[in-house]
$ cat run_17.cif   # mmCIF, C-alpha atoms (C1' of nucleotides)
data_my_file
#
loop_
_atom_site.label_atom_id
_atom_site.label_comp_id
_atom_site.auth_asym_id
_atom_site.auth_seq_id
_atom_site.Cartn_x
_atom_site.Cartn_y
_atom_site.Cartn_z
CA MET A 1 45.22 148.38 119.83
CA PRO A 2 44.76 146.22 116.71
CA ARG A 3 42.20 143.52 116.69
CA THR A 4 43.64 140.06 116.70
CA SER A 5 41.07 138.82 114.24
CA THR A 6 38.41 140.19 111.97
CA LYS A 7 36.19 137.20 112.63
CA ALA A 8 33.52 137.32 115.26
CA PRO A 9 34.68 135.73 118.49
CA ALA A 10 33.85 132.08 118.90
CA PRO A 11 30.69 131.67 120.97
CA ALA A 12 32.24 129.61 123.74
CA GLY A 13 35.43 127.90 122.58
CA ARG A 14 38.43 129.03 124.49
CA ILE A 15 41.32 126.82 123.45
CA ALA A 16 40.30 124.65 120.52
CA SER A 17 38.27 127.40 118.92
CA ASP A 18 38.70 125.93 115.46
CA TYR A 19 37.33 122.56 116.46
CA ARG A 20 34.06 121.44 114.94
CA LEU A 21 32.15 118.31 115.80
CA GLU A 22 31.06 118.06 112.18
CA ASP A 23 34.66 117.42 111.19
CA GLN A 24 34.78 114.15 113.12
CA VAL A 25 34.08 111.04 111.04
CA GLY A 26 32.42 109.24 113.88
CA PHE A 27 29.76 111.90 114.16
CA LEU A 28 29.14 111.93 110.41
CA LEU A 29 28.96 108.15 110.30
CA ARG A 30 26.51 108.04 113.15
CA ARG A 31 24.19 110.54 111.49
CA ALA A 32 24.42 108.82 108.11
CA TYR A 33 23.59 105.49 109.74
CA GLN A 34 20.65 107.07 111.53
CA ARG A 35 19.33 108.20 108.19
CA ALA A 36 19.83 104.85 106.49
CA SER A 37 18.30 102.97 109.39
CA SER A 38 15.34 105.32 109.51
CA ASN A 39 14.75 104.84 105.79
CA LEU A 40 14.75 101.08 106.27
CA VAL A 41 12.37 101.08 109.21
CA ASP A 42 10.02 103.38 107.33
CA ARG A 43 9.75 100.76 104.61
CA ILE A 44 9.91 97.45 106.38
CA GLY A 45 8.55 98.67 109.69
CA SER A 46 5.18 97.13 108.93
CA SER A 47 6.84 93.76 109.36
CA ASP A 48 7.98 94.87 112.82
CA LEU A 49 11.55 94.01 111.96
CA THR A 50 14.47 96.22 112.95
CA ALA A 51 17.53 96.73 110.78
CA PRO A 52 19.70 94.28 112.77
CA GLN A 53 16.92 91.70 112.74
CA TYR A 54 16.55 92.05 109.00
CA ALA A 55 20.31 91.74 108.54
CA THR A 56 20.26 88.55 110.58
CA LEU A 57 17.52 86.99 108.48
CA ALA A 58 19.20 88.11 105.26
CA ARG A 59 22.48 86.53 106.31
CA LEU A 60 20.78 83.26 107.09
CA TYR A 61 19.07 83.41 103.73
CA GLU A 62 22.42 83.88 102.01
CA ARG A 63 24.36 81.28 103.92
CA GLY A 64 21.93 78.73 105.24
CA ALA A 65 22.16 77.35 108.76
CA LEU A 66 24.88 78.93 110.88
CA SER A 67 26.04 78.66 114.43
CA GLN A 68 24.84 81.51 116.61
CA ASN A 69 28.39 82.73 117.13
CA LEU A 70 29.34 82.73 113.45
CA LEU A 71 26.04 84.33 112.57
CA GLY A 72 26.83 87.11 115.01
CA ARG A 73 30.23 87.72 113.45
CA LEU A 74 28.68 87.80 109.98
CA VAL A 75 26.25 90.52 111.02
CA ALA A 76 28.81 92.35 113.20
CA MET A 77 27.18 91.67 116.55
CA GLU A 78 28.69 90.55 119.83
CA PRO A 79 27.71 87.13 121.18
CA ALA A 80 25.54 88.67 123.87
CA ASN A 81 23.70 90.78 121.31
CA ILE A 82 23.12 88.23 118.57
CA ARG A 83 21.69 86.00 121.27
CA ASP A 84 18.94 88.49 122.04
CA VAL A 85 18.15 89.04 118.37
CA VAL A 86 17.91 85.30 117.76
CA LEU A 87 15.62 84.94 120.75
CA ARG A 88 13.25 87.57 119.38
CA LEU A 89 13.25 86.04 115.92
CA LYS A 90 12.70 82.62 117.43
CA LYS A 91 9.77 83.89 119.45
CA ARG A 92 8.21 85.03 116.19
CA ARG A 93 8.94 81.64 114.58
CA LEU A 94 11.10 83.22 111.91
CA VAL A 95 14.09 81.08 112.88
CA ALA A 96 14.49 77.75 114.61
CA THR A 97 17.40 76.44 116.65
CA ARG A 98 18.96 72.99 117.09
CA ARG A 99 22.11 71.68 118.61
CA ASP A 100 25.04 70.69 116.45
CA PRO A 101 25.39 66.91 116.77
CA THR A 102 29.16 66.93 116.40
CA ASP A 103 29.99 69.97 118.54
CA LYS A 104 27.84 70.22 121.60
CA ARG A 105 28.85 73.85 122.17
CA LEU A 106 27.14 75.08 119.03
CA ILE A 107 23.59 76.19 118.46
CA LEU A 108 22.60 76.07 114.81
CA ILE A 109 20.14 78.66 113.55
CA ASP A 110 17.82 77.89 110.65
CA LEU A 111 15.36 80.05 108.79
CA THR A 112 11.84 78.67 109.08
CA ALA A 113 9.53 78.63 106.09
CA ALA A 114 7.87 81.76 107.46
CA GLY A 115 11.27 83.40 107.91
CA THR A 116 12.32 82.52 104.39
CA ALA A 117 9.10 83.86 102.94
CA LEU A 118 9.47 87.09 104.88
CA VAL A 119 13.07 87.68 103.77
CA GLU A 120 12.19 87.02 100.18
CA GLN A 121 9.48 89.61 100.49
CA LEU A 122 11.73 92.17 102.20
CA ILE A 123 14.87 91.87 100.11
CA PRO A 124 13.53 93.84 97.13
CA ILE A 125 12.18 96.42 99.54
CA GLU A 126 15.55 96.87 101.14
CA ILE A 127 17.24 97.16 97.78
CA ALA A 128 14.82 99.97 96.96
CA CYS A 129 15.51 101.46 100.35
CA THR A 130 19.23 101.47 99.69
CA ALA A 131 18.49 103.32 96.48
CA THR A 132 16.53 105.91 98.45
CA THR A 133 19.33 106.42 100.93
CA LEU A 134 21.81 106.80 98.09
CA ALA A 135 19.55 109.11 96.11
CA PRO A 136 21.61 112.25 96.85
CA LEU A 137 24.62 110.62 95.18
CA LYS A 138 25.42 109.98 91.54
CA ALA A 139 26.29 106.48 90.34
CA ASN A 140 30.04 106.95 90.42
CA GLU A 141 29.82 108.58 93.82
CA ARG A 142 27.94 105.61 95.21
CA LYS A 143 30.62 103.27 94.02
CA GLN A 144 33.25 105.48 95.60
CA LEU A 145 31.35 105.59 98.88
CA TYR A 146 31.16 101.81 99.02
CA ASP A 147 34.87 101.58 98.44
CA LEU A 148 35.69 104.13 101.12
CA LEU A 149 33.27 102.72 103.71
CA GLY A 150 34.50 99.21 103.12
CA ARG A 151 38.07 100.23 103.74
CA LEU A 152 37.08 102.14 106.87
CA ALA A 153 35.08 99.24 108.29
CA ASP A 154 37.82 96.71 107.64
CA GLY A 155 40.38 99.00 109.20
CA MET B 1 21.38 69.78 78.76
CA PRO B 2 23.65 72.84 79.07
CA ARG B 3 24.46 74.20 82.44
CA THR B 4 22.76 77.45 83.16
CA SER B 5 25.82 78.82 84.92
CA THR B 6 29.41 77.89 85.46
CA LYS B 7 29.29 79.31 88.95
CA ALA B 8 28.78 77.11 91.96
CA PRO B 9 25.17 77.16 93.15
CA ALA B 10 24.36 79.73 95.80
CA PRO B 11 24.54 78.21 99.28
CA ALA B 12 20.97 78.84 100.30
CA GLY B 13 19.46 81.74 98.32
CA ARG B 14 16.50 80.64 96.30
CA ILE B 15 14.98 83.74 94.76
CA ALA B 16 17.26 86.70 95.36
CA SER B 17 20.37 84.67 94.86
CA ASP B 18 22.38 87.68 93.75
CA TYR B 19 21.57 89.66 96.90
CA ARG B 20 24.41 90.46 99.25
CA LEU B 21 24.09 92.15 102.60
CA GLU B 22 27.41 93.84 101.98
CA ASP B 23 25.86 95.79 99.14
CA GLN B 24 23.47 97.61 101.48
CA VAL B 25 24.69 101.03 102.62
CA GLY B 26 23.06 100.73 106.01
CA PHE B 27 25.11 97.69 106.84
CA LEU B 28 28.33 99.32 105.69
CA LEU B 29 27.56 102.49 107.63
CA ARG B 30 26.82 100.52 110.77
CA ARG B 31 30.11 98.69 110.58
CA ALA B 32 32.09 101.82 109.81
CA TYR B 33 30.48 103.59 112.76
CA GLN B 34 31.29 100.65 115.00
CA ARG B 35 34.91 100.98 114.00
CA ALA B 36 35.02 104.73 114.53
CA SER B 37 33.26 104.49 117.87
CA SER B 38 35.54 101.72 119.01
CA ASN B 39 38.59 103.78 118.09
CA LEU B 40 37.26 106.68 120.13
CA VAL B 41 36.43 104.65 123.21
CA ASP B 42 39.87 103.04 123.06
CA ARG B 43 41.42 106.48 123.36
CA ILE B 44 39.11 108.43 125.62
CA GLY B 45 37.73 105.43 127.48
CA SER B 46 39.92 106.22 130.45
CA SER B 47 37.74 109.25 131.03
CA ASP B 48 34.72 106.92 131.12
CA LEU B 49 33.03 109.00 128.46
CA THR B 50 31.10 107.41 125.59
CA ALA B 51 31.05 108.83 122.09
CA PRO B 52 27.60 110.46 122.49
CA GLN B 53 28.62 111.91 125.86
CA TYR B 54 31.76 113.34 124.34
CA ALA B 55 29.79 114.79 121.43
CA THR B 56 27.45 116.45 123.90
CA LEU B 57 30.27 118.08 125.83
CA ALA B 58 32.00 119.13 122.62
CA ARG B 59 28.83 120.77 121.36
CA LEU B 60 28.41 122.70 124.58
CA TYR B 61 32.02 123.78 124.35
CA GLU B 62 31.45 125.06 120.84
CA ARG B 63 28.16 126.80 121.45
CA GLY B 64 27.95 127.67 125.10
CA ALA B 65 24.78 127.17 127.14
CA LEU B 66 21.95 125.51 125.22
CA SER B 67 18.48 124.31 126.01
CA GLN B 68 18.30 120.56 126.47
CA ASN B 69 16.11 120.19 123.41
CA LEU B 70 18.32 122.23 121.10
CA LEU B 71 21.39 120.49 122.44
CA GLY B 72 19.78 117.19 121.53
CA ARG B 73 19.09 118.29 117.99
CA LEU B 74 22.67 119.53 117.62
CA VAL B 75 24.04 116.12 118.57
CA ALA B 76 21.33 114.20 116.70
CA MET B 77 19.59 112.73 119.72
CA GLU B 78 15.91 112.45 120.54
CA PRO B 79 14.58 114.40 123.54
CA ALA B 80 14.24 111.25 125.60
CA ASN B 81 17.84 110.25 124.86
CA ILE B 82 19.61 113.57 125.35
CA ARG B 83 17.84 113.75 128.68
CA ASP B 84 19.54 110.58 129.90
CA VAL B 85 22.92 111.72 128.63
CA VAL B 86 22.57 115.07 130.39
CA LEU B 87 21.58 113.31 133.60
CA ARG B 88 24.73 111.19 133.52
CA LEU B 89 26.94 114.16 132.74
CA LYS B 90 25.24 116.12 135.49
CA LYS B 91 25.79 113.32 137.98
CA ARG B 92 29.50 113.57 137.19
CA ARG B 93 29.40 117.37 137.60
CA LEU B 94 30.54 117.91 134.01
CA VAL B 95 27.45 119.98 133.22
CA ALA B 96 25.03 122.03 135.29
CA THR B 97 21.41 122.87 134.60
CA ARG B 98 19.27 125.92 135.28
CA ARG B 99 15.87 127.09 134.19
CA ASP B 100 15.51 129.72 131.52
CA PRO B 101 14.06 132.80 133.23
CA THR B 102 12.08 133.94 130.21
CA ASP B 103 10.75 130.57 129.03
CA LYS B 104 9.80 128.29 131.86
CA ARG B 105 9.70 125.27 129.60
CA LEU B 106 13.43 125.33 128.90
CA ILE B 107 16.27 123.78 130.83
CA LEU B 108 19.59 125.39 130.02
CA ILE B 109 22.69 123.22 130.09
CA ASP B 110 26.08 124.67 130.97
CA LEU B 111 29.52 123.14 130.97
CA THR B 112 31.05 123.26 134.44
CA ALA B 113 34.71 124.16 134.94
CA ALA B 114 35.45 120.45 135.26
CA GLY B 115 33.51 119.74 132.09
CA THR B 116 35.32 122.46 130.20
CA ALA B 117 38.70 121.21 131.36
CA LEU B 118 37.82 117.67 130.34
CA VAL B 119 36.68 118.65 126.84
CA GLU B 120 39.76 120.72 126.28
CA GLN B 121 41.82 117.72 127.22
CA LEU B 122 39.85 115.32 125.01
CA ILE B 123 39.48 117.42 121.85
CA PRO B 124 43.05 116.88 120.64
CA ILE B 125 42.70 113.20 121.47
CA GLU B 126 39.58 112.91 119.37
CA ILE B 127 41.22 114.74 116.50
CA ALA B 128 44.00 112.17 116.62
CA CYS B 129 41.40 109.44 116.83
CA THR B 130 39.69 110.72 113.71
CA ALA B 131 43.05 110.53 111.98
CA THR B 132 43.39 106.91 113.08
CA THR B 133 39.97 106.01 111.77
CA LEU B 134 40.76 107.70 108.47
CA ALA B 135 44.21 106.15 108.23
CA PRO B 136 43.23 103.70 105.46
CA LEU B 137 42.30 106.64 103.23
CA LYS B 138 44.43 109.13 101.38
CA ALA B 139 43.93 112.85 101.89
CA ASN B 140 41.75 113.39 98.84
CA GLU B 141 39.72 110.31 99.67
CA ARG B 142 39.01 111.65 103.16
CA LYS B 143 37.72 114.86 101.72
CA GLN B 144 35.53 112.94 99.33
CA LEU B 145 34.19 110.77 102.15
CA TYR B 146 33.20 113.82 104.16
CA ASP B 147 31.38 115.26 101.21
CA LEU B 148 29.51 112.02 100.50
CA LEU B 149 28.61 111.34 104.13
CA GLY B 150 27.43 114.88 104.64
CA ARG B 151 25.10 114.64 101.69
CA LEU B 152 23.79 111.28 102.89
CA ALA B 153 23.14 112.50 106.42
CA ASP B 154 21.39 115.65 105.26
CA GLY B 155 19.21 113.67 102.87
"C1'" DT C 1 -8.63 137.97 125.41
"C1'" DC C 2 -8.87 133.17 124.74
"C1'" DG C 3 -8.82 128.95 122.64
"C1'" DA C 4 -6.27 126.04 119.16
"C1'" DT C 5 -1.76 124.82 118.18
"C1'" DA C 6 3.08 124.14 118.91
"C1'" DT C 7 7.13 123.28 121.70
"C1'" DC C 8 9.66 121.39 125.70
"C1'" DG C 9 10.64 118.07 128.93
"C1'" DT C 10 9.18 113.62 131.06
"C1'" DT C 11 7.81 108.83 131.37
"C1'" DA C 12 7.42 104.24 129.70
"C1'" DT C 13 8.52 100.45 126.66
"C1'" DG C 14 11.35 97.70 123.93
"C1'" DA C 15 15.53 96.94 121.02
"C1'" DT C 16 20.30 97.51 120.23
"C1'" DC C 17 25.11 97.98 121.76
"C1'" DA C 18 29.70 96.94 124.37
"C1'" DT C 19 32.05 94.75 128.17
"C1'" DA C 20 33.28 91.53 131.71
"C1'" DA C 21 32.87 87.28 134.06
"C1'" DC C 22 31.50 82.52 133.85
"C1'" DA C 23 30.45 77.32 132.77
"C1'" DA C 24 30.58 73.84 129.24
"C1'" DT C 25 32.78 71.85 125.55
"C1'" DA C 26 36.78 71.23 122.03
"C1'" DT C 27 41.25 71.25 120.74
"C1'" DC C 28 45.94 71.01 121.12
"C1'" DG C 29 50.64 69.83 123.01
"C1'" DG C 30 53.40 67.10 125.75
"C1'" DC D 1 46.09 60.20 127.81
"C1'" DC D 2 45.54 64.70 129.91
"C1'" DG D 3 46.13 69.18 131.35
"C1'" DA D 4 46.52 74.02 129.34
"C1'" DT D 5 44.23 76.73 126.10
"C1'" DA D 6 40.59 78.25 123.06
"C1'" DT D 7 35.85 78.63 121.63
"C1'" DT D 8 30.84 78.91 122.38
"C1'" DG D 9 27.02 80.44 124.65
"C1'" DT D 10 25.11 82.67 128.90
"C1'" DT D 11 24.46 86.16 132.45
"C1'" DA D 12 24.78 90.71 134.24
"C1'" DT D 13 25.42 95.64 133.96
"C1'" DG D 14 25.04 100.00 131.99
"C1'" DA D 15 24.58 103.13 127.94
"C1'" DT D 16 22.45 104.27 123.72
"C1'" DC D 17 18.54 104.38 120.49
"C1'" DA D 18 13.54 105.15 118.64
"C1'" DT D 19 8.68 105.77 119.57
"C1'" DA D 20 4.43 107.02 121.74
"C1'" DA D 21 1.81 109.31 125.15
"C1'" DC D 22 1.47 112.92 128.48
"C1'" DG D 23 1.46 117.53 131.30
"C1'" DA D 24 3.25 122.23 131.34
"C1'" DT D 25 4.22 126.28 129.08
"C1'" DA D 26 4.31 129.53 124.78
"C1'" DT D 27 2.64 131.25 120.84
"C1'" DC D 28 -0.52 132.41 117.51
"C1'" DG D 29 -4.97 133.73 115.46
"C1'" DA D 30 -9.72 134.85 115.69
#
$ encode --input "run_17.cif" --output "structure tokens"
Amino acid sequence: MPRTSTKAPAPAGRIASDYRLEDQVGFLLRRAYQRASSNLVDRIGSSDLTAPQYATLARLYERGALSQNLLGRLVAMEPANIRDVVLRLKKRRLVATRRDPTDKRLILIDLTAAGTALVEQLIPIEIACTATTLAPLKANERKQLYDLLGRLADG
Amino acid sequence: MPRTSTKAPAPAGRIASDYRLEDQVGFLLRRAYQRASSNLVDRIGSSDLTAPQYATLARLYERGALSQNLLGRLVAMEPANIRDVVLRLKKRRLVATRRDPTDKRLILIDLTAAGTALVEQLIPIEIACTATTLAPLKANERKQLYDLLGRLADG
DNA sequence: TCGATATCGTTATGATCATAACAATATCGG
DNA sequence: CCGATATTGTTATGATCATAACGATATCGA
């Protein structure tokens, strides 16, 4: 009786024996993000800021005072999540909050002087960190990656 | 006195006025992963499985019984985290655990019949989901993305 | 053999994440 | 003007995540 295949039998797969988790974008993206996030924490961890917290401060630095809701959208966080991040940053006096006088629903978030100083200190570090994460890629590959990721994220 | 720039002044940036959060890989990767994960949950959410839970089942399907620790490494999860995932899957009778007879430290994780049936049902769905996530890209771009992400994740 | 070292699983803590339900406020259309 | 609708922020629940510290078991070298 001829063998159906010259390959060794798959360890466990019965039906989808050609399936590989590594071929799924989501899995690759998750691991790549883990790496990037780990690189960032290694560098800015002494400030006790997480990646989302840093992103929040950086966005405020770029745009100035923002409502909590808009801030959340600009850092890709749900209302319930940006709320917690703002609370932690507020507890550390890196941001301050006030009510919008014209729209009583809104909470405006401001960088404090301490928050501004910290972002200005961390921004060059994160730029270097991005370079570290991208180190395995050549310049043209980095540009390509940005293009591809941007199109994926925007759907 | 000549204007130093014809551009409008940056909204709030004082020092790093040319910095943009969008230029940081970590931020792009996080958003792309959010999109991919959301696509997956939209499709397999009816099974009440999360992306990491699915990845865990898929890995067991590929490799057969694994120790909890090795399983965690193969799905990129810390020991404390894979433990919780295994507990949830075990509560739903999708996996079963037993002790390794030769190494009393190890807990071996097996797919149950129900778990196997569920993975086999979900694998084609996730393959379709990957296609959805990659829809904005052309075939050669997808291949390039995989190559770039793989090199990023592996450092 | 036996003690130093390494690995595995557990526990605890704190920070993201997504989702659903809800009250307060704004906005819009009739 | 005013009621339907939309937006903002909050609360609650449950699932990731990373990290550190710890006992139990294996392994390795003297």
$ atom_distance --input "run_17.cif" --atom1 "atom CA of Ala113 of chain A" --atom2 "atom CA of Leu49 of chain A"
16.6 Å
$ interface_residues --input "run_17.cif" --of "chain C" --to "chain A" --cutoff "10 Å" --atoms "all atoms listed in the file" --output "PyMOL selection string"
chain C and resi 15-19+24-26
$ resolve_selection --input "run_17.cif" --expression "the PyMOL selection byres ((chain D) within 10 of (chain B))" --output "list of chain:residue names"
D:DA15, D:DT16, D:DC17, D:DA18, D:DT19, D:DA24, D:DT25, D:DA26
$ calpha_fit_and_write --input "run_17.cif" --fixed "chain B" --moving "chain A" --output "short mmCIF file (atom, residue, chain, number, x, y, z; two decimals) with C-alpha atoms, in the coordinates of the input"
data_model
loop_
_atom_site.label_atom_id
_atom_site.label_comp_id
_atom_site.auth_asym_id
_atom_site.auth_seq_id
_atom_site.Cartn_x
_atom_site.Cartn_y
_atom_site.Cartn_z
CA MET A 1 21.18 68.75 79.49
CA PRO A 2 23.26 71.95 79.57
CA ARG A 3 24.10 73.53 82.84
CA THR A 4 22.33 76.78 83.45
CA SER A 5 25.41 78.34 84.96
CA THR A 6 29.07 77.62 85.35
CA LYS A 7 29.11 79.19 88.78
CA ALA A 8 28.73 77.10 91.87
CA PRO A 9 25.17 77.15 93.15
CA ALA A 10 24.39 79.76 95.74
CA PRO A 11 24.59 78.26 99.23
CA ALA A 12 21.02 79.02 100.24
CA GLY A 13 19.57 81.85 98.16
CA ARG A 14 16.62 80.76 96.14
CA ILE A 15 15.12 83.87 94.58
CA ALA A 16 17.39 86.84 95.18
CA SER A 17 20.53 84.80 94.69
CA ASP A 18 22.53 87.83 93.61
CA TYR A 19 21.70 89.78 96.74
CA ARG A 20 24.51 90.60 99.13
CA LEU A 21 24.17 92.28 102.48
CA GLU A 22 27.51 93.97 101.89
CA ASP A 23 25.96 95.94 99.05
CA GLN A 24 23.57 97.74 101.38
CA VAL A 25 24.75 101.16 102.56
CA GLY A 26 23.11 100.83 105.91
CA PHE A 27 25.17 97.78 106.75
CA LEU A 28 28.40 99.43 105.61
CA LEU A 29 27.60 102.58 107.56
CA ARG A 30 26.86 100.63 110.68
CA ARG A 31 30.16 98.76 110.51
CA ALA A 32 32.14 101.90 109.75
CA TYR A 33 30.53 103.66 112.71
CA GLN A 34 31.33 100.69 114.93
CA ARG A 35 34.95 101.04 113.95
CA ALA A 36 35.07 104.79 114.50
CA SER A 37 33.28 104.53 117.82
CA SER A 38 35.56 101.74 118.96
CA ASN A 39 38.62 103.81 118.06
CA LEU A 40 37.27 106.70 120.12
CA VAL A 41 36.45 104.63 123.18
CA ASP A 42 39.88 103.02 123.03
CA ARG A 43 41.42 106.46 123.37
CA ILE A 44 39.12 108.39 125.62
CA GLY A 45 37.73 105.40 127.47
CA SER A 46 39.90 106.16 130.46
CA SER A 47 37.71 109.19 131.04
CA ASP A 48 34.69 106.87 131.10
CA LEU A 49 33.00 108.95 128.44
CA THR A 50 31.09 107.39 125.56
CA ALA A 51 31.05 108.83 122.06
CA PRO A 52 27.61 110.47 122.46
CA GLN A 53 28.61 111.89 125.82
CA TYR A 54 31.77 113.34 124.34
CA ALA A 55 29.81 114.81 121.44
CA THR A 56 27.45 116.45 123.91
CA LEU A 57 30.27 118.05 125.87
CA ALA A 58 32.01 119.14 122.67
CA ARG A 59 28.85 120.80 121.40
CA LEU A 60 28.42 122.69 124.63
CA TYR A 61 32.03 123.76 124.43
CA GLU A 62 31.47 125.10 120.92
CA ARG A 63 28.19 126.83 121.53
CA GLY A 64 27.96 127.67 125.20
CA ALA A 65 24.79 127.15 127.20
CA LEU A 66 21.97 125.51 125.25
CA SER A 67 18.51 124.30 126.02
CA GLN A 68 18.31 120.55 126.45
CA ASN A 69 16.12 120.21 123.38
CA LEU A 70 18.35 122.27 121.09
CA LEU A 71 21.40 120.50 122.44
CA GLY A 72 19.80 117.20 121.51
CA ARG A 73 19.13 118.35 117.96
CA LEU A 74 22.71 119.58 117.63
CA VAL A 75 24.07 116.17 118.58
CA ALA A 76 21.37 114.25 116.66
CA MET A 77 19.61 112.75 119.66
CA GLU A 78 15.93 112.47 120.46
CA PRO A 79 14.59 114.39 123.46
CA ALA A 80 14.23 111.22 125.49
CA ASN A 81 17.82 110.24 124.77
CA ILE A 82 19.59 113.55 125.30
CA ARG A 83 17.80 113.71 128.63
CA ASP A 84 19.50 110.54 129.82
CA VAL A 85 22.91 111.67 128.59
CA VAL A 86 22.54 115.01 130.35
CA LEU A 87 21.53 113.25 133.54
CA ARG A 88 24.67 111.11 133.47
CA LEU A 89 26.90 114.08 132.75
CA LYS A 90 25.19 116.03 135.49
CA LYS A 91 25.72 113.22 137.95
CA ARG A 92 29.43 113.46 137.19
CA ARG A 93 29.33 117.26 137.61
CA LEU A 94 30.49 117.82 134.06
CA VAL A 95 27.42 119.91 133.25
CA ALA A 96 25.00 121.93 135.32
CA THR A 97 21.37 122.79 134.62
CA ARG A 98 19.21 125.85 135.31
CA ARG A 99 15.84 127.02 134.21
CA ASP A 100 15.49 129.67 131.55
CA PRO A 101 14.05 132.75 133.28
CA THR A 102 12.10 133.90 130.24
CA ASP A 103 10.77 130.55 129.03
CA LYS A 104 9.78 128.28 131.84
CA ARG A 105 9.70 125.24 129.53
CA LEU A 106 13.42 125.31 128.89
CA ILE A 107 16.25 123.74 130.80
CA LEU A 108 19.59 125.36 130.06
CA ILE A 109 22.68 123.18 130.13
CA ASP A 110 26.07 124.63 131.03
CA LEU A 111 29.51 123.10 131.05
CA THR A 112 31.02 123.18 134.53
CA ALA A 113 34.66 124.07 135.03
CA ALA A 114 35.42 120.36 135.34
CA GLY A 115 33.48 119.67 132.14
CA THR A 116 35.31 122.41 130.28
CA ALA A 117 38.67 121.16 131.45
CA LEU A 118 37.82 117.62 130.41
CA VAL A 119 36.68 118.62 126.91
CA GLU A 120 39.76 120.70 126.38
CA GLN A 121 41.81 117.68 127.30
CA LEU A 122 39.84 115.30 125.06
CA ILE A 123 39.49 117.40 121.93
CA PRO A 124 43.06 116.87 120.71
CA ILE A 125 42.70 113.19 121.49
CA GLU A 126 39.60 112.92 119.39
CA ILE A 127 41.23 114.77 116.54
CA ALA A 128 44.02 112.20 116.65
CA CYS A 129 41.42 109.48 116.83
CA THR A 130 39.72 110.78 113.72
CA ALA A 131 43.08 110.62 112.01
CA THR A 132 43.42 106.98 113.06
CA THR A 133 40.01 106.08 111.74
CA LEU A 134 40.79 107.81 108.46
CA ALA A 135 44.24 106.26 108.20
CA PRO A 136 43.28 103.83 105.41
CA LEU A 137 42.33 106.80 103.21
CA LYS A 138 44.46 109.32 101.37
CA ALA A 139 43.94 113.05 101.91
CA ASN A 140 41.78 113.60 98.87
CA GLU A 141 39.75 110.53 99.68
CA ARG A 142 39.03 111.82 103.16
CA LYS A 143 37.73 115.05 101.77
CA GLN A 144 35.54 113.13 99.35
CA LEU A 145 34.21 110.93 102.14
CA TYR A 146 33.23 113.96 104.20
CA ASP A 147 31.40 115.41 101.24
CA LEU A 148 29.54 112.19 100.51
CA LEU A 149 28.64 111.46 104.14
CA GLY A 150 27.45 114.99 104.68
CA ARG A 151 25.12 114.77 101.73
CA LEU A 152 23.82 111.39 102.88
CA ALA A 153 23.17 112.58 106.42
CA ASP A 154 21.38 115.72 105.31
CA GLY A 155 19.27 113.73 102.90
#
$ atom_distance --input "run_17.cif" --atom1 "atom CA of Pro136 of chain A" --atom2 "atom CA of Pro79 of chain B"
27.7 Å
$ atom_distance --input "run_17.cif" --atom1 "atom CA of Ile109 of chain B" --atom2 "atom CA of Tyr54 of chain B"
14.6 Å
$ resolve_selection --input "run_17.cif" --expression "the PyMOL selection byres ((chain A and resi 31) around 10)" --output "list in words"
Val25, Gly26, Phe27, Leu28, Leu29, Arg30, Ala32, Tyr33, Gln34, Arg35, Ala36 and Ser37 of chain A; Leu29, Tyr33, Val75, Ala76, Met77, Leu149, Gly150, Leu152, Ala153 and Asp154 of chain B
$ closest_residue --input "run_17.cif" --among "B:Asn140, B:Ser67, B:Thr133, B:Ser47" --to "chain A" --atoms "all atoms listed in the file"
B:Thr133
$ residues_around --input "run_17.cif" --residues "DC2 of chain C" --least-positions-apart "4" --cutoff "12 Å" --atoms "all atoms listed in the file" --output "PyMOL selection string"
chain D and resi 28-30
$ resolve_selection --input "run_17.cif" --expression "the PyMOL selection byres ((chain D and resi 5) around 12)" --output "short mmCIF file (atom, residue, chain, number, x, y, z; two decimals) with C-alpha atoms (C1' of nucleotides), in the frame of the given file"
data_model
loop_
_atom_site.label_atom_id
_atom_site.label_comp_id
_atom_site.auth_asym_id
_atom_site.auth_seq_id
_atom_site.Cartn_x
_atom_site.Cartn_y
_atom_site.Cartn_z
"C1'" DA C 26 36.78 71.23 122.03
"C1'" DT C 27 41.25 71.25 120.74
"C1'" DC C 28 45.94 71.01 121.12
"C1'" DG C 29 50.64 69.83 123.01
"C1'" DG D 3 46.13 69.18 131.35
"C1'" DA D 4 46.52 74.02 129.34
"C1'" DA D 6 40.59 78.25 123.06
"C1'" DT D 7 35.85 78.63 121.63
#
$ closest_residue --input "run_17.cif" --among "B:Asp42, B:Asp48, B:Asp100, B:Glu22" --to "chain A" --atoms "only C-alpha atoms"
B:Glu22
$ closest_residue --input "run_17.cif" --among "B:Ile127, B:Ala139, B:Ala96, B:Leu71" --to "chain A" --atoms "all atoms listed in the file"
B:Ile127
$ residues_around --input "run_17.cif" --residues "Gln144 of chain B" --least-positions-apart "5" --cutoff "12 Å" --atoms "all atoms listed in the file" --output "number ranges by chain"
A: 25, 137, 141-142, 144-149; B: 134, 137-139, 149-151
$ residues_around --input "run_17.cif" --residues "Arg20 of chain A" --least-positions-apart "2" --cutoff "10 Å" --atoms "only C-alpha atoms (C1' of nucleotides)" --output "PyMOL selection string"
(chain A and resi 16-18+22-24) or (chain B and resi 58-59+61-62+123+127)
$ residues_around --input "run_17.cif" --residues "Asp110 of chain A" --least-positions-apart "3" --cutoff "12 Å" --atoms "only C-alpha atoms (C1' of nucleotides)" --output "JSON, numbers by chain"
{"A": [56, 57, 58, 59, 60, 61, 62, 63, 64, 65, 66, 67, 68, 71, 86, 89, 90, 93, 94, 95, 96, 97, 98, 99, 100, 107, 113, 114, 115, 116], "B": [12]}
